[in-house]
Amino acid sequence: MDASIFFKGLVVGFLISTPVGPIGLLCIQRTLSEGKIHGLVSGLGAATADAIFGLIAALGLTFISNFLEEKQLWLRLFGGLFLCYLGVRTFLSKPAETSSAGTPSHIGNYGSTFLLAFTNPITILVFIAVFAGLSVVSSGTHYFSVGLAVAGVFIGSGLWWVMLCGAAGILHGKISYGILTGLNRISGIIITVFGLVILLLVIL
């Protein structure tokens with residue numbers, strides 16, 4: 001039974017992470033420009049946020065989920081502004097090989113994607129719905145089983161980022177400086193557009 005709960009959590013974590021949005025684009029860009037480790041650390045920031053949302057859903061902490069839902073306007077506003085900031089920074093960034101002194105730290109990469117993922121409270125509603133649909137946890141579930149489900153979510157999400165960054169990492173070091181700079185510009189524009197769309201939806 002415990003193994004089943006862990007496996008269900010792993011599947012949920014993997015599937016929720018797979019849509020390639022702004023976080024996925026950031027991880028790909030950082031992998032191509034800075035290396036696999038930078039991309040993977042960025043992905044793990046998002047995986048941590050997913051695990052926290054999974055924990056809230058598994059424990060049925062409705063007061064936290066309700067609070068996040070009530071404050072989703074401000075969270076989305078912050079998320080949109082933060083995306084615009086990351087987009088502009090990505091647009092202006094240079095490939096790490098030519099500016100190692102300016103290479104972002106692992107803590108910065110991890111923290112930025114964590115904040116970005118955490119400002120999307122809709123994710124917790126997805127976790128609640130999916131957990132209920134798959135019967136991942138129930139009202140009588142032991143805390144150890146809840147821990148297994150959350151660990152499964154983190155590992156499943158992390159597995160996706162390992163695969164994504166591993167695939168993108170094949171091209172790291174094989175792309176010229178000019179192409180990398182162009183990719184940074186394109187990525188920055190797309191990420192900024194994501195942020196502007198979010199801000200527009202908040203305003204409307």
# chains A, B, ... in the order shown; residues from 1 in each chain; ligands from 1
$ residues_around --residues "region 36-40 of chain A" --least-positions-apart "3" --cutoff "8 Å" --atoms "only C-alpha atoms" --output "short mmCIF file (atom, residue, chain, number, x, y, z; two decimals) with N, CA and C atoms, in the first residue's frame"
data_model
loop_
_atom_site.label_atom_id
_atom_site.label_comp_id
_atom_site.auth_asym_id
_atom_site.auth_seq_id
_atom_site.Cartn_x
_atom_site.Cartn_y
_atom_site.Cartn_z
N LEU A 26 13.07 28.55 -18.85
CA LEU A 26 14.19 29.05 -18.06
C LEU A 26 15.23 27.95 -17.85
N CYS A 27 14.76 26.76 -17.51
CA CYS A 27 15.68 25.65 -17.26
C CYS A 27 16.45 25.27 -18.52
N ILE A 28 15.76 25.28 -19.66
CA ILE A 28 16.43 24.96 -20.92
C ILE A 28 17.48 26.03 -21.25
N GLN A 29 17.08 27.30 -21.09
CA GLN A 29 18.00 28.40 -21.39
C GLN A 29 19.23 28.35 -20.49
N ARG A 30 19.01 28.10 -19.20
CA ARG A 30 20.14 28.05 -18.26
C ARG A 30 21.02 26.84 -18.52
N THR A 31 20.42 25.74 -18.95
CA THR A 31 21.21 24.56 -19.27
C THR A 31 22.10 24.82 -20.48
N LEU A 32 21.53 25.40 -21.51
CA LEU A 32 22.28 25.68 -22.73
C LEU A 32 23.37 26.70 -22.48
N GLY A 43 15.33 23.54 -11.96
CA GLY A 43 14.18 22.65 -11.97
C GLY A 43 13.81 22.14 -10.59
N LEU A 44 14.83 21.90 -9.76
CA LEU A 44 14.57 21.40 -8.41
C LEU A 44 13.87 22.46 -7.54
N HIS A 106 23.85 28.96 -7.77
CA HIS A 106 22.85 27.89 -7.69
C HIS A 106 21.69 28.30 -6.80
N ASN A 109 19.45 30.55 -8.82
CA ASN A 109 18.68 29.79 -9.81
C ASN A 109 17.57 29.00 -9.13
N TRP A 161 12.74 17.10 -14.59
CA TRP A 161 13.76 18.13 -14.80
C TRP A 161 15.10 17.50 -15.15
N VAL A 162 15.41 16.33 -14.61
CA VAL A 162 16.63 15.61 -14.99
C VAL A 162 16.58 15.26 -16.47
N CYS A 165 16.67 18.69 -18.64
CA CYS A 165 17.99 19.33 -18.62
C CYS A 165 19.06 18.41 -19.22
N GLY A 166 18.87 17.10 -19.06
CA GLY A 166 19.81 16.16 -19.67
C GLY A 166 19.75 16.23 -21.18
N ALA A 168 18.64 18.86 -22.98
CA ALA A 168 19.16 20.17 -23.39
C ALA A 168 20.67 20.23 -23.21
N GLY A 169 21.17 19.53 -22.18
CA GLY A 169 22.60 19.57 -21.88
C GLY A 169 23.46 18.94 -22.97
N HIS A 172 24.89 21.68 -24.81
CA HIS A 172 25.74 22.63 -24.09
C HIS A 172 27.19 22.47 -24.52
#
$ residues_around --residues "Phe194 (chain A)" --least-positions-apart "2" --cutoff "9 Å" --atoms "only C-alpha atoms" --output "PDB file with N, CA and C atoms, in the first residue's frame"
ATOM      1  N   GLY A  21       6.320  25.429 -19.719  1.00  0.00           N
ATOM      2  CA  GLY A  21       5.942  26.831 -19.640  1.00  0.00           C
ATOM      3  C   GLY A  21       7.180  27.679 -19.414  1.00  0.00           C
ATOM      4  N   PRO A  22       7.018  28.829 -18.760  1.00  0.00           N
ATOM      5  CA  PRO A  22       8.160  29.722 -18.532  1.00  0.00           C
ATOM      6  C   PRO A  22       9.257  29.094 -17.680  1.00  0.00           C
ATOM      7  N   GLY A  80       3.739  37.660 -12.286  1.00  0.00           N
ATOM      8  CA  GLY A  80       3.872  38.320 -13.579  1.00  0.00           C
ATOM      9  C   GLY A  80       5.026  39.303 -13.600  1.00  0.00           C
ATOM     10  N   LEU A  83       8.273  37.382 -13.547  1.00  0.00           N
ATOM     11  CA  LEU A  83       8.554  36.817 -14.870  1.00  0.00           C
ATOM     12  C   LEU A  83       9.134  37.880 -15.792  1.00  0.00           C
ATOM     13  N   CYS A  84       8.556  39.068 -15.761  1.00  0.00           N
ATOM     14  CA  CYS A  84       9.085  40.159 -16.584  1.00  0.00           C
ATOM     15  C   CYS A  84      10.526  40.468 -16.211  1.00  0.00           C
ATOM     16  N   GLY A  87      12.648  37.709 -17.503  1.00  0.00           N
ATOM     17  CA  GLY A  87      12.735  37.804 -18.955  1.00  0.00           C
ATOM     18  C   GLY A  87      13.746  38.848 -19.394  1.00  0.00           C
ATOM     19  N   ILE A 189      12.571  37.295 -24.447  1.00  0.00           N
ATOM     20  CA  ILE A 189      11.357  37.893 -25.006  1.00  0.00           C
ATOM     21  C   ILE A 189      10.136  37.034 -24.679  1.00  0.00           C
ATOM     22  N   ILE A 190      10.263  35.708 -24.866  1.00  0.00           N
ATOM     23  CA  ILE A 190       9.127  34.809 -24.612  1.00  0.00           C
ATOM     24  C   ILE A 190       8.736  34.833 -23.139  1.00  0.00           C
ATOM     25  N   ILE A 191       9.733  34.793 -22.249  1.00  0.00           N
ATOM     26  CA  ILE A 191       9.453  34.814 -20.809  1.00  0.00           C
ATOM     27  C   ILE A 191       8.785  36.130 -20.409  1.00  0.00           C
ATOM     28  N   THR A 192       9.272  37.235 -20.979  1.00  0.00           N
ATOM     29  CA  THR A 192       8.666  38.536 -20.692  1.00  0.00           C
ATOM     30  C   THR A 192       7.226  38.584 -21.175  1.00  0.00           C
ATOM     31  N   LEU A 196       3.871  39.474 -19.132  1.00  0.00           N
ATOM     32  CA  LEU A 196       2.939  40.524 -19.528  1.00  0.00           C
ATOM     33  C   LEU A 196       1.520  39.978 -19.693  1.00  0.00           C
ATOM     34  N   VAL A 197       1.404  38.766 -20.213  1.00  0.00           N
ATOM     35  CA  VAL A 197       0.080  38.135 -20.357  1.00  0.00           C
ATOM     36  C   VAL A 197      -0.556  37.927 -18.992  1.00  0.00           C
ATOM     37  N   ILE A 198       0.244  37.441 -18.019  1.00  0.00           N
ATOM     38  CA  ILE A 198      -0.264  37.231 -16.670  1.00  0.00           C
ATOM     39  C   ILE A 198      -0.733  38.550 -16.061  1.00  0.00           C
ATOM     40  N   LEU A 199       0.081  39.605 -16.236  1.00  0.00           N
ATOM     41  CA  LEU A 199      -0.284  40.919 -15.712  1.00  0.00           C
ATOM     42  C   LEU A 199      -1.550  41.442 -16.385  1.00  0.00           C
TER      43      LEU A 199
END
$ residues_around --residues "Ser176 (chain A)" --least-positions-apart "2" --cutoff "12 Å" --atoms "only C-alpha atoms" --output "count of residues only"
15
$ atom_distance --atom1 "CA of Gly152 (chain A)" --atom2 "CA of Phe127 (chain A)"
12.9 Å
$ closest_residue --among "A:Gly108, A:Gly156, A:Gly188, A:Gly24" --to "Lys94 (chain A)" --atoms "only C-alpha atoms"
A:Gly188
